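The block underneath contains the structure these notes are about, expressed in structure tokens.
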Amino acid sequence: MPTRTLTPGTDVLDRALVVDPGQRVPGRASGYPLRREGPAKLTGAAKYTDDLVFPGAWFGATIRSTEPRAKLLAIELDPDVDWSKVVVVTADDIPGENLVSSIKDDQPILVPVGGEIRHVAEPVALLAAPDRETLRALKGRIRLVTERLEPVFDPERSDHVFAEYDVTSGDLAAGFESADLILEGEYRVGHQEQLYIENNAMIAVPGEDGGIVIHGSMQCPYYVHKALKRALNVSSVQARVIQEETGGGFGGKEDFPSVIALHAALLALKAKRPVRMIYERHEDIIGTTKRHPAIVRHRTGFTKDGVLVAQDIEVVMDGGAYCTLTPVVLSRGVLHAGGPYRCPNVRLRGKATRTNTAPNGAFRGFGAPQTEFAAEMQMNRAAERLGISPAEIRRRNVYRLGDTTPTGQVLRESVAAEEVLEQAVTASLFERMRDRTRQEREERRGVDAIPSGPLRTGAHRRASGIGLAIGWHGAGFTGSGEVHLASVASVELTADGRIRVLTANTEMGQGTKTVFPQMVAAELGVPVDWVEYAPQDTAEVLDSGPTVASRTVMVVGKLVILAARRLKETVEARSNGVPFHEAFRDDAREHGATRIDQRFEPYPGVVFDDATYQGDAYPAYGWAAAVATVEVDLDTFEVQVNDVIAVDDVGKVIHPVLCEGQVEGGTLQAVGYATIEEMKLDNGRYLNDRLATYLIPTAMDAPHIRSILVEAPYSGSPHGAKGVGELPMDVGAPAVVAAIHDATGVWIHDLPATPEKILAALHAGEAGGGPGVGVMEPAA
Amino acid sequence: MTAWRFLVNGAPAEVEASGMRRLLDVLREDLGLTGTKEGCGEGECGACSVLLDGQVVDSCLVPICQVEGRIVRTVEGLSLAARERGSLDALQEAFLEHGAAQCGICTPGMLMAARAYLDAGGGPDDAAIREAIAGNLCRCTGYTKIVDAIAAVATPAE
């Protein structure tokens, strides 16, 4: 994308961050395949789980605890009710292990009598009825008898640790010794709800073989498959999991679907008929995972020139009531906590503990948005303190080729921190805009910043600001995760001459169904429409791993490409060199089906030691920058994010339209995280547990987002692609908070930056310091 | 139970239901028109948006008794003419080309809100389009491509 020419003049400055309407070109996808399932989605023909009809299906419901922590003494069914017309399931009905299969075996499918309830809305019993009216009426006739136990809500007071990490490099004491400025800061981020617009939904159908078929909304069919096998004592064949059209996931449908699928399956097996478990929004919010709240403490040493010499970072994450994916969320958070900056002396410590709220789990970014917010706040505060531009201080510290990370990983290639930074600075006219906001601040000087007299009007009422943040995101699973997964993906030439891609990787809006056929078609030299994408059905596809961690295009895409290459070689060898696109139909007739299964092999030279946490934490990193401009209303302290320029290095852009879609969508989720998305709790209960009270940005709240895609290819991928999905989520929030600071002079250390917090910070006169924030400047 | 009569996508429909049954349920369950989605059930997300006499409404908030004798249009009826030719209409085509549909769950409602805006003579103005779809939440796209798609088919203001 060409960089805009800089022309002096207010008009240009005003519009600098606005996408020129003239740039809108209808038919932008031309040259790239259109979204494969797009027509079905656009005509209403696409079938999501709740759209499926199973004759005779009953409706399922979950009986949940109302206390954050209690001993379950009894489950009482109202004796005045005829319970023979419905089905009730308790822990006693679970044929296998009463465990939701995940990293640690600590979460029951249903709390057993005598067991401990650990969070509000924890599943205790299940009910299925032939119709919704009966279901609703009888739900209230099941009573839980409990004995209250003392809950823990503060992750720092919990004595149950899910995971801990401690990564050290260099000599921290010597690093701080050499610092001219030591900056301390404490940052807090809260729960964030994924808020996919399609709620969690599963339909379980008992199989004739004593097994179970699950139709549902999910990211990872094989996670659900494994959970069913363990809990129901069924074989791999008896458990069958089919992903239906999925209305968004963002991590929220990574691990949680196992829970709801197990519930539906238990009811269906007992009722001996299909059972629908379709959550309503309220239930989805109270009962499912959120982004982990975190406390991140920094002590950072800089030279007077703004060069990082020491980073001492402590991360505490609130895991909620059960472990779920917490150890790997924390791990990613800790490994990204320093930000994309070279620093010789580092200590990264992380701890995640158990509290009595619903378990926290995966959400786009997976621990990194929490810690990178803190890292960027530190960098921006240091820039201010040292009188260096936020862009310049980053130039002096960003990772460059050959630099070493705190785990000892040498960045040998595909490092684009500097490029994304420069592109963002240039495209946003960052320095010129900062000059202007500085002038505006000067003009406001002398006018009381806190409304004490009459309200402001007109131009005096709005303060504009601009903010910058950059980040990095490791692509694929952390450490040796991909090696343990050992994913398999396949490309098949069927006996009737069709070409099929077979993976377990799901389409949830990001474009898997479009880019995999696109990549295979390119390898085989055939039109993309000739390549089919097999359904995500465990009876049809092998386990190519979960659809998470920005791994689909990079990791599974590589397997798909290599399988296609081998298929091409096989067919061309059998046809004595006739090109695949001419030979494959005859080949299928003559030789029948040919299916190539491609198994993951470790990236060459990429080694990580899980025990010492040393080595290559990720095969490659994506790099991102965001520049946000905001206007803050000086009467109400509402923040309008006007524009965001998002620059993301994805290695190789496979499909520009879909790739931009990821960047724009991730950016808006980050803007919501920064400004309005807040989950308030009272005694372990979410207070804003509906869409009327948990707010996400509308089209009017959303900034104009301009995405600039950068390609710094990774040699470990045949196509050079890294990940894209999570990258923009890491940088949006700190850019917005920096812009709020530029407008108002206050730093908000605690997301989201609500009007109440901005007002409170202005009252406290927090321009430089504030609670939990310290600065030490050793005498020169 | 009462019989309610109304037009859906140009065809007459007659449904026996209690007057307070939600239009959303009538469409999805009684008429099998599952293109209209439920996201929140309380009029916040707009996934269930349909046109009632040309106005966008959240069908989760409309009892069927209010639909008697009226005209309902859903996503399935958006491109009846175009679908006979086996293709999408201009608005759907623009969504497809611009990448305005990702997971697709908000798409039917979004299309209906956009259709009402365009039918009312809405132009390609960014702010006006954003206001027209402000009742329809999308969590995937960041709205940029949706706004672009609608602008692409809007008639430029004179």
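Going by the structure tokens order, chains are called A, B, ..., each with residues numbered from 1, while ligands are numbered from 1 in the order shown.
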
**OP:** Could you pull out the residues in segment 188-398 of chain A that DSSP calls alpha helix (DSSP H) from the backbone, as a PyMOL selection string?
**Re:** chain A and resi 221-232+257-271+281-287+326-335+368-386+390-395

**OP:** With a distance cut-off of 8 Å and only C-alpha atoms, select the neighbouring residues of segment 59-63 of chain B, excluding the residue or stretch itself and same-chain residues fewer than 6 positions from it, and output the selection as a count of residues only.
**Re:** 14

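Nearest residue to chain A among B:Glu16, B:Ile105, B:Asp58, B:Thr74 is B:Ile105, counting only C-alpha atoms.
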
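Atom CA of Asp105 of chain A is found 27.3 Å from atom CA of Val87 of chain A.
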
With only C-alpha atoms counted and 8 Å as the cut-off, give the residues of chain A in contact with chain B, each with its shortest interatomic distance in Å and the pair that gives it, as JSON lines.
{"residue": "A:Arg24", "atom": "CA", "partner": "B:Asp148", "partner_atom": "CA", "distance": 6.7}
{"residue": "A:Val25", "atom": "CA", "partner": "B:Ala152", "partner_atom": "CA", "distance": 7.9}
{"residue": "A:Pro26", "atom": "CA", "partner": "B:Ala152", "partner_atom": "CA", "distance": 6.1}
{"residue": "A:Gly27", "atom": "CA", "partner": "B:Glu97", "partner_atom": "CA", "distance": 5.2}
{"residue": "A:Arg28", "atom": "CA", "partner": "B:His98", "partner_atom": "CA", "distance": 6.0}
{"residue": "A:Ala29", "atom": "CA", "partner": "B:Glu97", "partner_atom": "CA", "distance": 5.2}
{"residue": "A:Ser30", "atom": "CA", "partner": "B:Glu97", "partner_atom": "CA", "distance": 7.5}
{"residue": "A:Leu34", "atom": "CA", "partner": "B:Glu97", "partner_atom": "CA", "distance": 6.6}
{"residue": "A:Arg35", "atom": "CA", "partner": "B:Leu96", "partner_atom": "CA", "distance": 6.8}
{"residue": "A:Gly38", "atom": "CA", "partner": "B:Leu96", "partner_atom": "CA", "distance": 6.2}
{"residue": "A:Pro39", "atom": "CA", "partner": "B:Leu96", "partner_atom": "CA", "distance": 7.3}
{"residue": "A:Lys41", "atom": "CA", "partner": "B:Gly104", "partner_atom": "CA", "distance": 5.4}
{"residue": "A:Leu42", "atom": "CA", "partner": "B:Gln92", "partner_atom": "CA", "distance": 6.1}
{"residue": "A:Thr43", "atom": "CA", "partner": "B:Glu76", "partner_atom": "CA", "distance": 5.6}
{"residue": "A:Gly44", "atom": "CA", "partner": "B:Gly35", "partner_atom": "CA", "distance": 3.7}
{"residue": "A:Ala45", "atom": "CA", "partner": "B:Gly35", "partner_atom": "CA", "distance": 6.2}
{"residue": "A:Ala46", "atom": "CA", "partner": "B:Gly35", "partner_atom": "CA", "distance": 7.4}
{"residue": "A:Lys47", "atom": "CA", "partner": "B:Thr34", "partner_atom": "CA", "distance": 7.8}
{"residue": "A:Asp51", "atom": "CA", "partner": "B:Thr34", "partner_atom": "CA", "distance": 5.6}
{"residue": "A:Leu195", "atom": "CA", "partner": "B:Arg139", "partner_atom": "CA", "distance": 7.1}
{"residue": "A:Tyr196", "atom": "CA", "partner": "B:Arg139", "partner_atom": "CA", "distance": 6.2}
{"residue": "A:Ile197", "atom": "CA", "partner": "B:Gly39", "partner_atom": "CA", "distance": 5.5}
{"residue": "A:Glu198", "atom": "CA", "partner": "B:Gly39", "partner_atom": "CA", "distance": 5.8}
{"residue": "A:Asn199", "atom": "CA", "partner": "B:Gly39", "partner_atom": "CA", "distance": 6.7}
{"residue": "A:Thr246", "atom": "CA", "partner": "B:Cys103", "partner_atom": "CA", "distance": 6.6}
{"residue": "A:Gly247", "atom": "CA", "partner": "B:Cys103", "partner_atom": "CA", "distance": 4.8}
{"residue": "A:Gly248", "atom": "CA", "partner": "B:Cys103", "partner_atom": "CA", "distance": 5.3}
{"residue": "A:Glu280", "atom": "CA", "partner": "B:Cys40", "partner_atom": "CA", "distance": 6.7}
{"residue": "A:Arg281", "atom": "CA", "partner": "B:Cys40", "partner_atom": "CA", "distance": 5.0}
{"residue": "A:His282", "atom": "CA", "partner": "B:Cys40", "partner_atom": "CA", "distance": 7.7}
{"residue": "A:Glu507", "atom": "CA", "partner": "B:Cys103", "partner_atom": "CA", "distance": 7.9}
{"residue": "A:Met508", "atom": "CA", "partner": "B:Cys103", "partner_atom": "CA", "distance": 5.2}
{"residue": "A:Gly509", "atom": "CA", "partner": "B:Cys103", "partner_atom": "CA", "distance": 3.4}
{"residue": "A:Gln510", "atom": "CA", "partner": "B:Gln102", "partner_atom": "CA", "distance": 6.2}
{"residue": "A:Gly511", "atom": "CA", "partner": "B:Gln102", "partner_atom": "CA", "distance": 7.5}
{"residue": "A:Val657", "atom": "CA", "partner": "B:Gly99", "partner_atom": "CA", "distance": 6.0}
{"residue": "A:Leu658", "atom": "CA", "partner": "B:Gly99", "partner_atom": "CA", "distance": 6.5}
{"residue": "A:Gly661", "atom": "CA", "partner": "B:Thr141", "partner_atom": "CA", "distance": 5.6}
{"residue": "A:Gln662", "atom": "CA", "partner": "B:Thr141", "partner_atom": "CA", "distance": 7.1}
{"residue": "A:Glu664", "atom": "CA", "partner": "B:Gly142", "partner_atom": "CA", "distance": 5.1}
{"residue": "A:Gly665", "atom": "CA", "partner": "B:Gly142", "partner_atom": "CA", "distance": 4.2}
{"residue": "A:Gly666", "atom": "CA", "partner": "B:Gly142", "partner_atom": "CA", "distance": 7.4}
{"residue": "A:Thr667", "atom": "CA", "partner": "B:Gly142", "partner_atom": "CA", "distance": 7.1}
{"residue": "A:Leu668", "atom": "CA", "partner": "B:Gly142", "partner_atom": "CA", "distance": 5.1}
{"residue": "A:Gln669", "atom": "CA", "partner": "B:Arg139", "partner_atom": "CA", "distance": 7.5}
{"residue": "A:Arg690", "atom": "CA", "partner": "B:Cys40", "partner_atom": "CA", "distance": 7.8}
{"residue": "A:Leu691", "atom": "CA", "partner": "B:Glu44", "partner_atom": "CA", "distance": 6.2}
{"residue": "A:Ala692", "atom": "CA", "partner": "B:Glu44", "partner_atom": "CA", "distance": 6.1}
{"residue": "A:Ile696", "atom": "CA", "partner": "B:Leu137", "partner_atom": "CA", "distance": 7.9}
{"residue": "A:Pro697", "atom": "CA", "partner": "B:Leu137", "partner_atom": "CA", "distance": 7.7}
{"residue": "A:Thr698", "atom": "CA", "partner": "B:Ala134", "partner_atom": "CA", "distance": 5.5}
{"residue": "A:Ala699", "atom": "CA", "partner": "B:Arg130", "partner_atom": "CA", "distance": 5.2}
{"residue": "A:Met700", "atom": "CA", "partner": "B:Arg130", "partner_atom": "CA", "distance": 5.5}
{"residue": "A:Ala702", "atom": "CA", "partner": "B:Gly142", "partner_atom": "CA", "distance": 6.9}
{"residue": "A:His704", "atom": "CA", "partner": "B:Thr144", "partner_atom": "CA", "distance": 6.8}
{"residue": "A:Ile705", "atom": "CA", "partner": "B:Thr144", "partner_atom": "CA", "distance": 6.6}

Fewer than 2 positions away in the same chain doesn't count, so skip those; otherwise give me all residues within 12 Å of Ala459 of chain A, counting only C-alpha atoms, as a PDB file with N, CA and C atoms, in the first residue's frame.
ATOM      1  N   GLU A 440      -2.474  22.249  21.020  1.00  0.00           N
ATOM      2  CA  GLU A 440      -3.827  22.363  21.572  1.00  0.00           C
ATOM      3  C   GLU A 440      -3.798  22.304  23.096  1.00  0.00           C
ATOM      4  N   GLU A 443      -2.774  25.572  24.376  1.00  0.00           N
ATOM      5  CA  GLU A 443      -3.865  26.550  24.319  1.00  0.00           C
ATOM      6  C   GLU A 443      -4.852  26.358  25.463  1.00  0.00           C
ATOM      7  N   ARG A 444      -4.970  25.106  25.893  1.00  0.00           N
ATOM      8  CA  ARG A 444      -5.906  24.842  26.995  1.00  0.00           C
ATOM      9  C   ARG A 444      -5.287  25.151  28.358  1.00  0.00           C
ATOM     10  N   ARG A 456     -17.928  23.111  29.537  1.00  0.00           N
ATOM     11  CA  ARG A 456     -17.282  23.687  28.369  1.00  0.00           C
ATOM     12  C   ARG A 456     -18.219  23.569  27.178  1.00  0.00           C
ATOM     13  N   THR A 457     -17.955  24.388  26.201  1.00  0.00           N
ATOM     14  CA  THR A 457     -18.756  24.283  24.989  1.00  0.00           C
ATOM     15  C   THR A 457     -17.828  24.367  23.796  1.00  0.00           C
ATOM     16  N   ARG A 461     -14.414  21.969  24.326  1.00  0.00           N
ATOM     17  CA  ARG A 461     -14.950  20.808  25.026  1.00  0.00           C
ATOM     18  C   ARG A 461     -14.205  19.527  24.654  1.00  0.00           C
ATOM     19  N   ARG A 462     -13.597  19.505  23.487  1.00  0.00           N
ATOM     20  CA  ARG A 462     -13.011  18.245  23.039  1.00  0.00           C
ATOM     21  C   ARG A 462     -11.494  18.363  22.947  1.00  0.00           C
ATOM     22  N   ALA A 463     -10.831  17.388  23.560  1.00  0.00           N
ATOM     23  CA  ALA A 463      -9.370  17.341  23.501  1.00  0.00           C
ATOM     24  C   ALA A 463      -8.969  16.168  22.628  1.00  0.00           C
ATOM     25  N   SER A 464      -8.116  16.432  21.650  1.00  0.00           N
ATOM     26  CA  SER A 464      -7.711  15.304  20.807  1.00  0.00           C
ATOM     27  C   SER A 464      -6.305  14.849  21.176  1.00  0.00           C
ATOM     28  N   GLU A 631     -10.679  11.537  20.649  1.00  0.00           N
ATOM     29  CA  GLU A 631     -11.167  12.808  21.182  1.00  0.00           C
ATOM     30  C   GLU A 631     -11.785  12.500  22.524  1.00  0.00           C
ATOM     31  N   VAL A 632     -11.387  13.276  23.517  1.00  0.00           N
ATOM     32  CA  VAL A 632     -11.944  13.098  24.855  1.00  0.00           C
ATOM     33  C   VAL A 632     -12.824  14.297  25.150  1.00  0.00           C
ATOM     34  N   ASP A 633     -14.042  14.009  25.546  1.00  0.00           N
ATOM     35  CA  ASP A 633     -14.987  15.063  25.914  1.00  0.00           C
ATOM     36  C   ASP A 633     -14.619  15.549  27.315  1.00  0.00           C
ATOM     37  N   LEU A 634     -14.253  16.804  27.445  1.00  0.00           N
ATOM     38  CA  LEU A 634     -13.749  17.313  28.718  1.00  0.00           C
ATOM     39  C   LEU A 634     -14.855  17.623  29.719  1.00  0.00           C
ATOM     40  N   ASP A 635     -16.096  17.437  29.306  1.00  0.00           N
ATOM     41  CA  ASP A 635     -17.182  17.529  30.281  1.00  0.00           C
ATOM     42  C   ASP A 635     -17.586  16.151  30.785  1.00  0.00           C
TER      43      ASP A 635
END

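Taking atom CA of Ala179 of chain A and atom CA of Asp403 of chain A as endpoints, the distance between them is 20.4 Å.
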
Original post:
If we count only C-alpha atoms, what is near segment 216-230 of chain A at a cut-off of 7 Å, once residues fewer than 5 positions away on the same chain are taken out, given as JSON, numbers by chain?
Top reply: {"A": [49, 96, 97, 100, 101, 200, 201, 202, 203, 235, 236, 239, 240, 241, 242, 243, 244, 245, 246, 249, 253, 254, 257, 258, 262, 504, 506, 538, 543, 546, 547]}

With C-alpha atoms retained, could you export that selection as a compact mmCIF listing (two decimals), in the first residue's frame?
# COMPACT_ATOMS: atom_id res chain seq x y z
CA THR A 49 -26.24 -25.31 15.08
CA GLY A 96 -16.57 -42.43 32.57
CA GLU A 97 -14.48 -39.86 34.37
CA VAL A 100 -13.65 -31.90 31.47
CA SER A 101 -10.53 -33.00 29.67
CA ASN A 200 -22.49 -21.59 22.41
CA ALA A 201 -24.66 -24.33 20.95
CA MET A 202 -24.50 -28.13 20.78
CA ILE A 203 -26.86 -30.85 19.70
CA SER A 235 -14.28 -45.34 21.48
CA SER A 236 -12.85 -42.96 18.90
CA ALA A 239 -17.58 -40.42 19.56
CA ARG A 240 -18.16 -38.33 16.48
CA VAL A 241 -17.92 -34.57 16.44
CA ILE A 242 -19.14 -32.39 13.59
CA GLN A 243 -18.51 -28.67 13.52
CA GLU A 244 -21.45 -26.76 12.10
CA GLU A 245 -21.28 -23.22 10.76
CA THR A 246 -19.77 -21.30 13.65
CA GLY A 249 -15.11 -17.93 18.39
CA LYS A 253 -15.04 -21.71 21.57
CA GLU A 254 -11.62 -23.25 22.05
CA PRO A 257 -17.39 -26.39 23.84
CA SER A 258 -16.21 -29.58 25.57
CA LEU A 262 -20.59 -33.27 27.38
CA ALA A 504 -9.78 -30.46 11.46
CA THR A 506 -12.53 -24.87 11.45
CA THR A 538 -13.97 -36.36 13.17
CA ASP A 543 -6.47 -34.36 13.87
CA PRO A 546 -6.97 -26.94 17.21
CA THR A 547 -7.95 -23.77 15.36

**OP:** Mind giving me the straight-line distance from atom CA of Pro527 of chain A to atom CA of Phe584 of chain A in Å, one decimal?
**Re:**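 If I compute the distance from atom CA of Pro527 of chain A to atom CA of Phe584 of chain A, I get 13.2 Å.
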
**OP:** Once DSSP has gone over the backbone, tell me which residues of segment 412-488 of chain A are in strand (DSSP E or B), as an MDAnalysis selection string.
**Re:** chainID A and resid 462:474 488

Subject >> Non-local contacts of Val26 of chain B (8 Å; only C-alpha atoms; under 5 positions in same chain excluded) as an MDAnalysis selection string >> reply: chainID B and resid 15 21 31 64
